[in-house]
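The next block is target.cif, given as mmCIF, C-alpha atoms and all ligand atoms.
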data_final
#
loop_
_atom_site.group_PDB
_atom_site.id
_atom_site.type_symbol
_atom_site.label_atom_id
_atom_site.label_comp_id
_atom_site.auth_asym_id
_atom_site.auth_seq_id
_atom_site.Cartn_x
_atom_site.Cartn_y
_atom_site.Cartn_z
ATOM 1 C CA MET A 1 -17.989 0.698 -11.073
ATOM 2 C CA TYR A 2 -16.487 2.413 -8.039
ATOM 3 C CA GLN A 3 -17.689 6.006 -8.654
ATOM 4 C CA ASN A 4 -19.951 6.136 -5.594
ATOM 5 C CA ILE A 5 -17.231 5.090 -3.151
ATOM 6 C CA LYS A 6 -15.785 7.840 -0.953
ATOM 7 C CA ALA A 7 -12.233 6.807 -0.082
ATOM 8 C CA THR A 8 -9.630 8.500 2.105
ATOM 9 C CA VAL A 9 -5.945 7.603 2.268
ATOM 10 C CA MET A 10 -3.755 8.693 5.168
ATOM 11 C CA GLY A 11 -0.164 8.108 4.205
ATOM 12 C CA SER A 12 3.154 9.007 2.663
ATOM 13 C CA ILE A 13 3.961 11.112 -0.375
ATOM 14 C CA ASN A 14 7.494 10.624 -1.785
ATOM 15 C CA MET A 15 9.613 11.621 -4.723
ATOM 16 C CA ASP A 16 11.057 8.343 -6.075
ATOM 17 C CA MET A 17 14.546 8.296 -7.598
ATOM 18 C CA ILE A 18 14.708 5.117 -9.686
ATOM 19 C CA LEU A 19 17.959 3.538 -10.922
ATOM 20 C CA ASN A 20 17.962 0.479 -13.193
ATOM 21 C CA MET A 21 20.876 -1.980 -13.353
ATOM 22 C CA GLN A 22 21.510 -5.559 -14.424
ATOM 23 C CA ARG A 23 22.747 -6.587 -10.982
ATOM 24 C CA VAL A 24 22.652 -4.713 -7.645
ATOM 25 C CA PRO A 25 26.097 -4.018 -6.097
ATOM 26 C CA GLU A 26 27.577 -5.990 -3.194
ATOM 27 C CA THR A 27 28.843 -3.973 -0.200
ATOM 28 C CA GLY A 28 31.811 -1.832 -1.352
ATOM 29 C CA GLU A 29 31.159 -2.634 -5.028
ATOM 30 C CA ASN A 30 30.440 -0.146 -7.804
ATOM 31 C CA VAL A 31 28.226 -1.248 -10.733
ATOM 32 C CA LEU A 32 27.042 0.636 -13.810
ATOM 33 C CA GLY A 33 23.389 1.554 -14.110
ATOM 34 C CA THR A 34 21.462 1.312 -17.370
ATOM 35 C CA ASN A 35 19.192 4.366 -16.829
ATOM 36 C CA TYR A 36 17.550 6.472 -14.128
ATOM 37 C CA GLY A 37 14.610 8.795 -13.576
ATOM 38 C CA TYR A 38 12.346 10.492 -11.042
ATOM 39 C CA ALA A 39 8.742 9.439 -10.419
ATOM 40 C CA ASN A 40 5.820 10.291 -8.158
ATOM 41 C CA GLY A 41 5.614 7.792 -5.308
ATOM 42 C CA GLY A 42 5.054 7.103 -1.634
ATOM 43 C CA LYS A 43 2.871 4.217 -0.532
ATOM 44 C CA GLY A 44 0.018 6.518 0.500
ATOM 45 C CA ALA A 45 0.083 8.585 -2.687
ATOM 46 C CA ASN A 46 0.381 5.469 -4.880
ATOM 47 C CA GLN A 47 -2.673 3.947 -3.228
ATOM 48 C CA ALA A 48 -4.597 7.223 -3.586
ATOM 49 C CA VAL A 49 -3.761 7.339 -7.310
ATOM 50 C CA GLY A 50 -4.760 3.656 -7.566
ATOM 51 C CA LEU A 51 -8.177 4.365 -5.994
ATOM 52 C CA SER A 52 -8.790 7.475 -8.061
ATOM 53 C CA ARG A 53 -7.767 5.852 -11.340
ATOM 54 C CA LEU A 54 -10.266 3.084 -10.589
ATOM 55 C CA GLY A 55 -12.932 5.782 -10.271
ATOM 56 C CA ALA A 56 -13.379 6.268 -6.490
ATOM 57 C CA GLN A 57 -13.831 9.762 -5.000
ATOM 58 C CA THR A 58 -10.462 10.027 -3.290
ATOM 59 C CA LYS A 59 -9.062 12.288 -0.596
ATOM 60 C CA MET A 60 -5.462 12.263 0.654
ATOM 61 C CA ILE A 61 -4.336 13.115 4.195
ATOM 62 C CA GLY A 62 -0.567 13.688 4.353
ATOM 63 C CA LYS A 63 2.267 16.191 4.444
ATOM 64 C CA VAL A 64 4.864 17.565 2.027
ATOM 65 C CA THR A 65 7.338 20.403 2.480
ATOM 66 C CA ASP A 66 7.099 23.742 0.716
ATOM 67 C CA ASP A 67 9.879 22.775 -1.745
ATOM 68 C CA ALA A 68 10.151 21.830 -5.427
ATOM 69 C CA ASN A 69 9.450 18.140 -4.865
ATOM 70 C CA GLY A 70 6.554 18.917 -2.518
ATOM 71 C CA HIS A 71 4.849 21.103 -5.109
ATOM 72 C CA LYS A 72 5.454 18.626 -7.963
ATOM 73 C CA LEU A 73 3.924 15.804 -5.920
ATOM 74 C CA LEU A 74 0.898 17.895 -4.947
ATOM 75 C CA GLU A 75 0.329 18.842 -8.592
ATOM 76 C CA ASN A 76 0.459 15.179 -9.565
ATOM 77 C CA LEU A 77 -2.169 14.253 -6.967
ATOM 78 C CA LYS A 78 -4.440 17.053 -8.220
ATOM 79 C CA LYS A 79 -3.918 15.916 -11.827
ATOM 80 C CA ASN A 80 -5.143 12.487 -10.711
ATOM 81 C CA ASN A 81 -8.388 14.028 -9.373
ATOM 82 C CA ILE A 82 -7.408 13.585 -5.729
ATOM 83 C CA ASP A 83 -8.698 16.042 -3.121
ATOM 84 C CA VAL A 84 -5.531 17.410 -1.461
ATOM 85 C CA SER A 85 -7.218 19.808 0.967
ATOM 86 C CA ALA A 86 -6.034 17.601 3.855
ATOM 87 C CA VAL A 87 -2.387 17.546 2.707
ATOM 88 C CA SER A 88 -0.464 20.066 4.812
ATOM 89 C CA LEU A 89 2.634 22.011 3.741
ATOM 90 C CA GLY A 90 5.554 22.072 6.179
ATOM 91 C CA GLY A 91 8.072 19.882 7.940
ATOM 92 C CA THR A 92 11.774 19.333 7.326
ATOM 93 C CA GLN A 93 11.916 17.880 3.787
ATOM 94 C CA THR A 94 9.525 16.157 1.402
ATOM 95 C CA GLY A 95 9.810 12.347 1.581
ATOM 96 C CA LEU A 96 12.267 10.690 -0.799
ATOM 97 C CA ALA A 97 12.727 7.067 -1.879
ATOM 98 C CA ALA A 98 15.858 5.717 -3.583
ATOM 99 C CA ILE A 99 14.807 2.657 -5.596
ATOM 100 C CA ILE A 100 17.240 0.300 -7.315
ATOM 101 C CA ILE A 101 15.832 -2.224 -9.777
ATOM 102 C CA ASP A 102 17.727 -5.255 -11.071
ATOM 103 C CA GLY A 103 17.461 -7.007 -14.434
ATOM 104 C CA ASP A 104 14.629 -9.252 -13.151
ATOM 105 C CA GLY A 105 12.508 -6.226 -12.177
ATOM 106 C CA LYS A 106 13.075 -6.842 -8.444
ATOM 107 C CA ASN A 107 13.572 -3.724 -6.315
ATOM 108 C CA ARG A 108 15.324 -2.553 -3.156
ATOM 109 C CA ILE A 109 14.050 0.676 -1.597
ATOM 110 C CA VAL A 110 15.456 3.120 0.945
ATOM 111 C CA VAL A 111 12.969 5.731 2.210
ATOM 112 C CA TYR A 112 13.714 9.048 3.891
ATOM 113 C CA GLU A 113 10.379 9.803 5.587
ATOM 114 C CA GLY A 114 10.865 13.572 6.153
ATOM 115 C CA ALA A 115 7.516 15.392 6.319
ATOM 116 C CA ASN A 116 5.632 12.068 6.230
ATOM 117 C CA ALA A 117 6.842 11.373 9.775
ATOM 118 C CA GLU A 118 5.667 14.808 10.939
ATOM 119 C CA ILE A 119 1.906 14.571 10.302
ATOM 120 C CA ASP A 120 -0.053 15.759 13.336
ATOM 121 C CA PRO A 121 -2.205 12.844 14.625
ATOM 122 C CA ALA A 122 -5.150 14.950 15.866
ATOM 123 C CA GLU A 123 -5.230 17.062 12.699
ATOM 124 C CA ALA A 124 -5.111 13.965 10.467
ATOM 125 C CA ALA A 125 -7.896 12.231 12.393
ATOM 126 C CA SER A 126 -10.068 15.367 12.190
ATOM 127 C CA PHE A 127 -10.606 14.625 8.477
ATOM 128 C CA ILE A 128 -12.161 11.214 9.220
ATOM 129 C CA ASP A 129 -15.884 10.833 9.933
ATOM 130 C CA ASN A 130 -18.832 8.627 9.016
ATOM 131 C CA SER A 131 -19.282 10.295 5.618
ATOM 132 C CA ILE A 132 -16.484 8.169 4.124
ATOM 133 C CA ASP A 133 -16.736 4.515 3.062
ATOM 134 C CA LEU A 134 -13.085 3.538 3.221
ATOM 135 C CA LEU A 135 -9.874 4.495 5.023
ATOM 136 C CA LEU A 136 -6.555 3.147 3.732
ATOM 137 C CA VAL A 137 -3.361 3.480 5.802
ATOM 138 C CA GLN A 138 0.211 2.175 5.562
ATOM 139 C CA PHE A 139 3.261 2.227 7.885
ATOM 140 C CA GLU A 140 5.274 4.937 6.113
ATOM 141 C CA THR A 141 4.100 7.570 8.608
ATOM 142 C CA ASP A 142 4.413 7.737 12.396
ATOM 143 C CA GLU A 143 2.698 4.942 14.345
ATOM 144 C CA LYS A 144 0.687 7.421 16.464
ATOM 145 C CA VAL A 145 -0.996 9.002 13.461
ATOM 146 C CA VAL A 146 -1.873 5.583 12.016
ATOM 147 C CA ALA A 147 -3.426 4.492 15.332
ATOM 148 C CA GLU A 148 -5.408 7.714 15.766
ATOM 149 C CA CYS A 149 -6.813 7.564 12.224
ATOM 150 C CA ILE A 150 -7.685 3.851 12.395
ATOM 151 C CA ASN A 151 -9.381 4.223 15.783
ATOM 152 C CA LYS A 152 -11.435 7.205 14.609
ATOM 153 C CA ALA A 153 -12.485 5.346 11.447
ATOM 154 C CA VAL A 154 -13.417 2.176 13.357
ATOM 155 C CA ALA A 155 -15.472 4.249 15.833
ATOM 156 C CA ASN A 156 -17.313 5.795 12.862
ATOM 157 C CA GLY A 157 -18.101 2.457 11.206
ATOM 158 C CA VAL A 158 -15.769 3.099 8.258
ATOM 159 C CA VAL A 159 -14.182 0.093 6.460
ATOM 160 C CA THR A 160 -10.452 0.204 7.267
ATOM 161 C CA VAL A 161 -7.661 -1.383 5.248
ATOM 162 C CA MET A 162 -4.159 -1.469 6.679
ATOM 163 C CA ASP A 163 -1.313 -2.050 4.229
ATOM 164 C CA CYS A 164 1.702 -2.833 6.459
ATOM 165 C CA GLY A 165 4.535 -1.430 4.317
ATOM 166 C CA PRO A 166 7.352 -0.824 4.864
ATOM 167 C CA ALA A 167 8.364 -3.732 7.118
ATOM 168 C CA LYS A 168 8.587 -2.645 10.750
ATOM 169 C CA PRO A 169 7.184 -3.853 14.054
ATOM 170 C CA PHE A 170 3.975 -1.932 14.831
ATOM 171 C CA ALA A 171 1.849 -2.028 18.013
ATOM 172 C CA LEU A 172 -1.256 -3.489 16.346
ATOM 173 C CA GLU A 173 -2.803 -3.815 19.803
ATOM 174 C CA ASN A 174 -3.268 0.003 19.773
ATOM 175 C CA MET A 175 -5.431 -0.133 16.643
ATOM 176 C CA GLN A 176 -8.104 -2.786 17.036
ATOM 177 C CA GLY A 177 -11.016 -3.762 14.819
ATOM 178 C CA ILE A 178 -9.424 -3.167 11.412
ATOM 179 C CA THR A 179 -11.454 -4.646 8.558
ATOM 180 C CA ILE A 180 -8.542 -5.968 6.460
ATOM 181 C CA ILE A 181 -4.872 -6.119 7.441
ATOM 182 C CA THR A 182 -2.632 -6.834 4.455
ATOM 183 C CA PRO A 183 1.147 -7.211 4.868
ATOM 184 C CA ASN A 184 3.505 -8.657 2.239
ATOM 185 C CA GLU A 185 6.034 -11.389 3.033
ATOM 186 C CA SER A 186 8.759 -9.255 4.673
ATOM 187 C CA GLU A 187 6.155 -7.186 6.544
ATOM 188 C CA THR A 188 4.591 -10.422 7.847
ATOM 189 C CA LYS A 189 8.016 -11.468 9.139
ATOM 190 C CA ALA A 190 8.485 -8.072 10.880
ATOM 191 C CA LEU A 191 5.076 -8.331 12.585
ATOM 192 C CA THR A 192 4.989 -12.052 13.482
ATOM 193 C CA ASP A 193 8.589 -13.261 13.267
ATOM 194 C CA ILE A 194 7.412 -15.848 10.704
ATOM 195 C CA TYR A 195 8.363 -15.604 7.022
ATOM 196 C CA PRO A 196 5.323 -17.036 5.167
ATOM 197 C CA GLU A 197 7.118 -19.690 3.118
ATOM 198 C CA THR A 198 5.083 -22.888 3.623
ATOM 199 C CA ASP A 199 1.292 -23.289 4.003
ATOM 200 C CA GLU A 200 1.865 -23.887 7.703
ATOM 201 C CA ASP A 201 3.866 -20.630 8.049
ATOM 202 C CA ILE A 202 1.095 -18.757 6.243
ATOM 203 C CA PHE A 203 -1.523 -20.171 8.598
ATOM 204 C CA LYS A 204 0.485 -19.494 11.780
ATOM 205 C CA ALA A 205 1.438 -15.937 10.770
ATOM 206 C CA SER A 206 -2.179 -15.181 9.810
ATOM 207 C CA GLU A 207 -3.414 -16.466 13.165
ATOM 208 C CA ILE A 208 -0.969 -14.195 15.019
ATOM 209 C CA LEU A 209 -1.988 -11.151 12.963
ATOM 210 C CA PHE A 210 -5.674 -11.980 13.470
ATOM 211 C CA GLU A 211 -5.208 -12.174 17.236
ATOM 212 C CA ARG A 212 -3.046 -9.049 17.471
ATOM 213 C CA SER A 213 -5.201 -6.750 15.320
ATOM 214 C CA LYS A 214 -8.671 -8.248 15.866
ATOM 215 C CA ALA A 215 -9.086 -7.718 12.119
ATOM 216 C CA LYS A 216 -12.000 -9.238 10.227
ATOM 217 C CA TYR A 217 -9.663 -10.595 7.530
ATOM 218 C CA VAL A 218 -5.916 -11.151 7.277
ATOM 219 C CA VAL A 219 -4.759 -10.990 3.651
ATOM 220 C CA LEU A 220 -1.078 -11.858 3.109
ATOM 221 C CA LYS A 221 0.427 -10.600 -0.150
ATOM 222 C CA LEU A 222 2.688 -13.426 -1.337
ATOM 223 C CA GLY A 223 4.339 -11.899 -4.422
ATOM 224 C CA GLU A 224 4.301 -14.160 -7.469
ATOM 225 C CA ARG A 225 2.372 -16.771 -5.432
ATOM 226 C CA GLY A 226 -0.673 -14.448 -5.111
ATOM 227 C CA CYS A 227 -2.258 -13.905 -1.716
ATOM 228 C CA SER A 228 -3.870 -15.748 1.193
ATOM 229 C CA VAL A 229 -7.117 -14.946 3.008
ATOM 230 C CA PHE A 230 -7.738 -15.868 6.669
ATOM 231 C CA ASP A 231 -11.042 -15.168 8.455
ATOM 232 C CA GLY A 232 -10.137 -16.545 11.883
ATOM 233 C CA ASN A 233 -11.018 -20.133 10.949
ATOM 234 C CA ASN A 234 -10.161 -20.973 7.376
ATOM 235 C CA ILE A 235 -7.326 -20.041 5.092
ATOM 236 C CA ARG A 236 -7.430 -19.924 1.305
ATOM 237 C CA ILE A 237 -4.567 -19.234 -1.118
ATOM 238 C CA MET A 238 -5.589 -17.222 -4.171
ATOM 239 C CA PRO A 239 -2.966 -17.734 -6.916
ATOM 240 C CA ALA A 240 -1.532 -14.786 -8.830
ATOM 241 C CA TYR A 241 -1.989 -14.228 -12.551
ATOM 242 C CA THR A 242 1.074 -14.718 -14.746
ATOM 243 C CA ALA A 243 2.781 -11.494 -15.756
ATOM 244 C CA ASN A 244 5.750 -10.234 -17.715
ATOM 245 C CA VAL A 245 7.619 -8.669 -14.765
ATOM 246 C CA VAL A 246 9.311 -5.345 -15.563
ATOM 247 C CA ASP A 247 9.219 -3.549 -12.195
ATOM 248 C CA THR A 248 7.575 -4.759 -8.970
ATOM 249 C CA THR A 249 7.561 -1.248 -7.381
ATOM 250 C CA ALA A 250 4.103 -0.351 -6.033
ATOM 251 C CA ALA A 251 2.534 -3.674 -7.096
ATOM 252 C CA GLY A 252 1.475 -4.115 -3.451
ATOM 253 C CA ASP A 253 -0.028 -0.596 -3.397
ATOM 254 C CA CYS A 254 -1.957 -1.411 -6.539
ATOM 255 C CA PHE A 255 -3.214 -4.725 -5.077
ATOM 256 C CA THR A 256 -4.368 -2.975 -1.893
ATOM 257 C CA ALA A 257 -6.274 -0.214 -3.716
ATOM 258 C CA ALA A 258 -8.114 -2.579 -6.081
ATOM 259 C CA MET A 259 -8.829 -5.162 -3.372
ATOM 260 C CA ALA A 260 -10.242 -2.488 -1.026
ATOM 261 C CA LEU A 261 -12.610 -1.013 -3.630
ATOM 262 C CA GLU A 262 -13.862 -4.413 -4.783
ATOM 263 C CA TYR A 263 -14.470 -5.392 -1.149
ATOM 264 C CA ILE A 264 -16.593 -2.276 -0.604
ATOM 265 C CA ARG A 265 -18.490 -2.931 -3.857
ATOM 266 C CA THR A 266 -19.202 -6.625 -3.268
ATOM 267 C CA GLY A 267 -18.613 -7.297 0.444
ATOM 268 C CA ASP A 268 -16.859 -10.477 -0.718
ATOM 269 C CA ILE A 269 -13.224 -10.844 0.342
ATOM 270 C CA PHE A 270 -12.406 -13.517 -2.266
ATOM 271 C CA THR A 271 -13.721 -11.518 -5.242
ATOM 272 C CA ALA A 272 -11.849 -8.557 -3.755
ATOM 273 C CA CYS A 273 -8.536 -10.438 -3.525
ATOM 274 C CA ASP A 274 -8.959 -11.771 -7.050
ATOM 275 C CA MET A 275 -9.335 -8.175 -8.258
ATOM 276 C CA GLY A 276 -6.237 -7.247 -6.229
ATOM 277 C CA ASN A 277 -4.280 -10.065 -7.930
ATOM 278 C CA LYS A 278 -5.365 -8.826 -11.367
ATOM 279 C CA ALA A 279 -4.335 -5.239 -10.545
ATOM 280 C CA GLY A 280 -0.984 -6.362 -9.097
ATOM 281 C CA SER A 281 -0.211 -8.351 -12.202
ATOM 282 C CA ILE A 282 -0.869 -5.302 -14.414
ATOM 283 C CA ALA A 283 1.339 -3.137 -12.136
ATOM 284 C CA VAL A 284 4.395 -5.425 -12.302
ATOM 285 C CA SER A 285 4.310 -5.355 -16.089
ATOM 286 C CA ARG A 286 4.878 -1.558 -16.076
ATOM 287 C CA MET A 287 7.674 0.759 -14.922
ATOM 288 C CA GLY A 288 7.218 3.198 -12.048
ATOM 289 C CA ALA A 289 5.112 3.572 -8.921
ATOM 290 C CA ASP A 290 1.858 5.467 -9.411
ATOM 291 C CA ALA A 291 2.366 5.300 -13.182
ATOM 292 C CA SER A 292 1.727 1.539 -13.077
ATOM 293 C CA MET A 293 -1.787 1.793 -11.550
ATOM 294 C CA PRO A 294 -4.499 0.500 -13.952
ATOM 295 C CA THR A 295 -7.860 2.072 -14.779
ATOM 296 C CA ALA A 296 -11.191 0.309 -14.125
ATOM 297 C CA GLU A 297 -11.490 -0.350 -17.866
ATOM 298 C CA GLU A 298 -8.086 -2.059 -17.951
ATOM 299 C CA LEU A 299 -9.094 -4.223 -14.985
ATOM 300 C CA ASN A 300 -12.380 -5.162 -16.630
ATOM 301 C CA ASN A 301 -10.615 -6.126 -19.851
ATOM 302 C CA PHE A 302 -7.970 -8.163 -18.005
HETATM 303 O O1 LIG B 1 5.410 0.884 -2.483
HETATM 304 C C1 LIG B 1 6.256 1.589 -3.349
HETATM 305 C C2 LIG B 1 6.670 2.887 -2.726
HETATM 306 O O2 LIG B 1 7.492 2.620 -1.621
HETATM 307 C C3 LIG B 1 7.519 3.778 -3.625
HETATM 308 O O3 LIG B 1 6.740 4.626 -4.425
HETATM 309 C C4 LIG B 1 8.406 4.514 -2.631
HETATM 310 O O4 LIG B 1 8.092 5.868 -2.495
HETATM 311 C C5 LIG B 1 8.243 3.767 -1.320
HETATM 312 O O5 LIG B 1 7.507 4.476 -0.446
#

Step by step, read the file and then write its structure as structure tokens.
Amino acid sequence: MYQNIKATVMGSINMDMILNMQRVPETGENVLGTNYGYANGGKGANQAVGLSRLGAQTKMIGKVTDDANGHKLLENLKKNNIDVSAVSLGGTQTGLAAIIIDGDGKNRIVVYEGANAEIDPAEAASFIDNSIDLLLVQFETDEKVVAECINKAVANGVVTVMDCGPAKPFALENMQGITIITPNESETKALTDIYPETDEDIFKASEILFERSKAKYVVLKLGERGCSVFDGNNIRIMPAYTANVVDTTAAGDCFTAAMALEYIRTGDIFTACDMGNKAGSIAVSRMGADASMPTAEELNNF
């Protein structure tokens, strides 16, 4: 259903080191883990895998170092049918994320950006033109490269979706005219100083984001509550689907990828967010980052 969509992701590529435990340690405390493993991750790469698995023609713009992790991650992207001709080799070290997951499937993540923070803005933007339908970006790369890519895409009439992870203050005023801006709860707090707890908080935070980014739609990802959609006038909460939560890692990446493709296909933000909710609920029921991304068939059968 998404085969004709040409999508480009500019973003991070990380090796994830995942440790499971019943309870995360307090400061100075040592707890025993139940198991650990390595997985392909990075918000950009996860979203690229999400798009490709749903059938879109996907290209990744990013950077990894010429080291073992860099090569493994590149191979994984290729295996997922992603065009990696715009991923450069170089920089200090390939990005790494240390992820600890508690018994309820909730995570805490520390990211070392490495090469992700060293993408050249002009080079990255040179891969964006009016031949693509969609550009997806996140905040796990330098702010300048995000701004340059968004501005080039907007100037070329490309639909732009900005996932605002991880939480940090970003100068949204330097990247105007985004189609959809989609932070989660902690990212909303970092960008607006409002944690979207009540309906009133959700409305106020959405208004601020709408003003600051001049986006067409503000979509807040609200975890197990689903998401909210604001178009500058009205707000609507779209409840999540129930799920057996195993690991919430990359659920937001999965939501963003599915929501973006469905928006391009239908032009309807509500259908798009409903698809994002379905995809997110599949992702939380599975372990891992890119490994939890569903196929189009799985979404259809949901
Ligand atoms: O969104 C999940 C991702 O955040 C993980 O794959 C990790 O690499 C961090 O970037």

What do you get, as number ranges by chain, if you spell out every residue that the PyMOL selection byres (((not hetatm)) within 10 of (chain B and resi 1)) selects here? A: 11-18, 39-47, 95-99, 107-113, 138-140, 163, 165-166, 248-254, 288-291

Report, in Å to a single decimal, how far apart atom CA of Leu135 of chain A and atom CA of Lys6 of chain A are. 9.0 Å

Do you have, as JSON lines, the list of residues of segment 100-128 of chain A lying at most 12 Å from segment 155-159 of chain A, each with its nearest atom pair and that distance in Å to one decimal, counting all atoms listed in the file and ordered by chain then number?
{"residue": "A:Ala125", "atom": "CA", "partner": "A:Asn156", "partner_atom": "CA", "distance": 11.4}
{"residue": "A:Phe127", "atom": "CA", "partner": "A:Asn156", "partner_atom": "CA", "distance": 11.9}
{"residue": "A:Ile128", "atom": "CA", "partner": "A:Asn156", "partner_atom": "CA", "distance": 8.3}

Compile the contact shell of Met21 of chain A as a list in words: residues with an atom at most 6 Å away, counting all atoms listed in the file, same-chain residues fewer than 5 positions apart removed.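 Here the answer would be Gly33, Thr34 and Asp102 of chain A.
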
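Taking atom CA of Tyr263 of chain A and atom CA of Val87 of chain A as endpoints, the distance between them is 26.2 Å.
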
Considering only C-alpha atoms, state which residue in the set A:Leu89, A:Met175, A:Ala122, A:Val246 is at the smallest distance from Asp67 of chain A.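 Among A:Leu89, A:Met175, A:Ala122, A:Val246, it is A:Leu89 that comes nearest to Asp67 of chain A.
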
Between A:Lys72, A:Lys79, A:Lys63, A:Arg286, which residue has the minimum interatomic distance to Thr92 of chain A, considering all atoms listed in the file?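 Of the candidates, the smallest distance to Thr92 of chain A is held by A:Lys63.
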
Name the residues in contact with Ser52 of chain A at a cut-off of 9 Å, using only C-alpha atoms, excluding same-chain residues fewer than 5 positions from it; report them as a list in words.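 Here the qualifying residues turn out to be Ala7, Gln47, Gln57, Thr58, Lys59, Asn80, Asn81, Ile82 and Thr295 of chain A.
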
Could you list the residues chosen by the PyMOL selection byres (((chain A and resi 299) around 10) and not hetatm) in this structure as a PyMOL selection string? chain A and resi 54+258+275-276+278-279+282+294-298+300-302

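Near Asn174 of chain A, within 12 Å and counting only C-alpha atoms, sit Glu143, Lys144, Val145, Val146, Ala147, Glu148, Cys149, Ile150, Asn151, Arg212, Ser213 and Lys214 of chain A; same-chain residues fewer than 5 positions away were not included.
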
Please enumerate the residues selected by the PyMOL selection byres (((chain A and resi 265-271) around 10) and not hetatm) when evaluated against the supplied file, formatted as a ChimeraX atom specification. /A:1-2,4-5,180,217,219,228-231,236-238,259-264,272-277

Exercise: residues within 8 Å of coordinate (4.2, -9.3, -1.5), counting only C-alpha atoms, as a ChimeraX atom specification: /A:183-186,220-224,226-227,252

Starting from 3 Å padding per side, set up an axis-aligned box that covers all listed atoms of segment 122-137 of chain A and hand over centre and edge lengths in Å, one decimal, as JSON.
{"center_x": -11.3, "center_y": 10.1, "center_z": 9.5, "size_x": 21.9, "size_y": 19.9, "size_z": 18.8}

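The space between atom CA of Asn35 of chain A and atom CA of Ala243 of chain A spans 22.8 Å.
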
Counting all atoms listed in the file, the residue of A:Ile100, A:Gln93, A:Gly62, A:Ala153 that sits nearest Asp120 of chain A: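 Smallest separation from Asp120 of chain A among the options: A:Gly62.
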
Let me make sure I understand: among A:Leu172, A:Val24, A:Ala86, A:Val284, which one has the smallest atom-to-atom distance to Ser126 of chain A if we use all atoms listed in the file?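 Among the listed residues, A:Ala86 lies closest to Ser126 of chain A.
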
Taking (-5.9, 2.2, 2.2) in the file's coordinates, which residues come within 6 Å, counting all atoms listed in the file, written as an MDAnalysis selection string? chainID A and resid 9 135:137 161

Which of these, A:Gly91, A:Pro25, A:Lys216, A:Phe203, has the shortest distance to Asn234 of chain A once you count only C-alpha atoms?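 Looking only at the distances to Asn234 of chain A, the closest residue turns out to be A:Phe203.
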
Here is a test: counting all atoms listed in the file, which residue of A:Leu51, A:Leu77, A:Ala167, A:Ala56 is nearest to Phe255 of chain A? A:Leu51
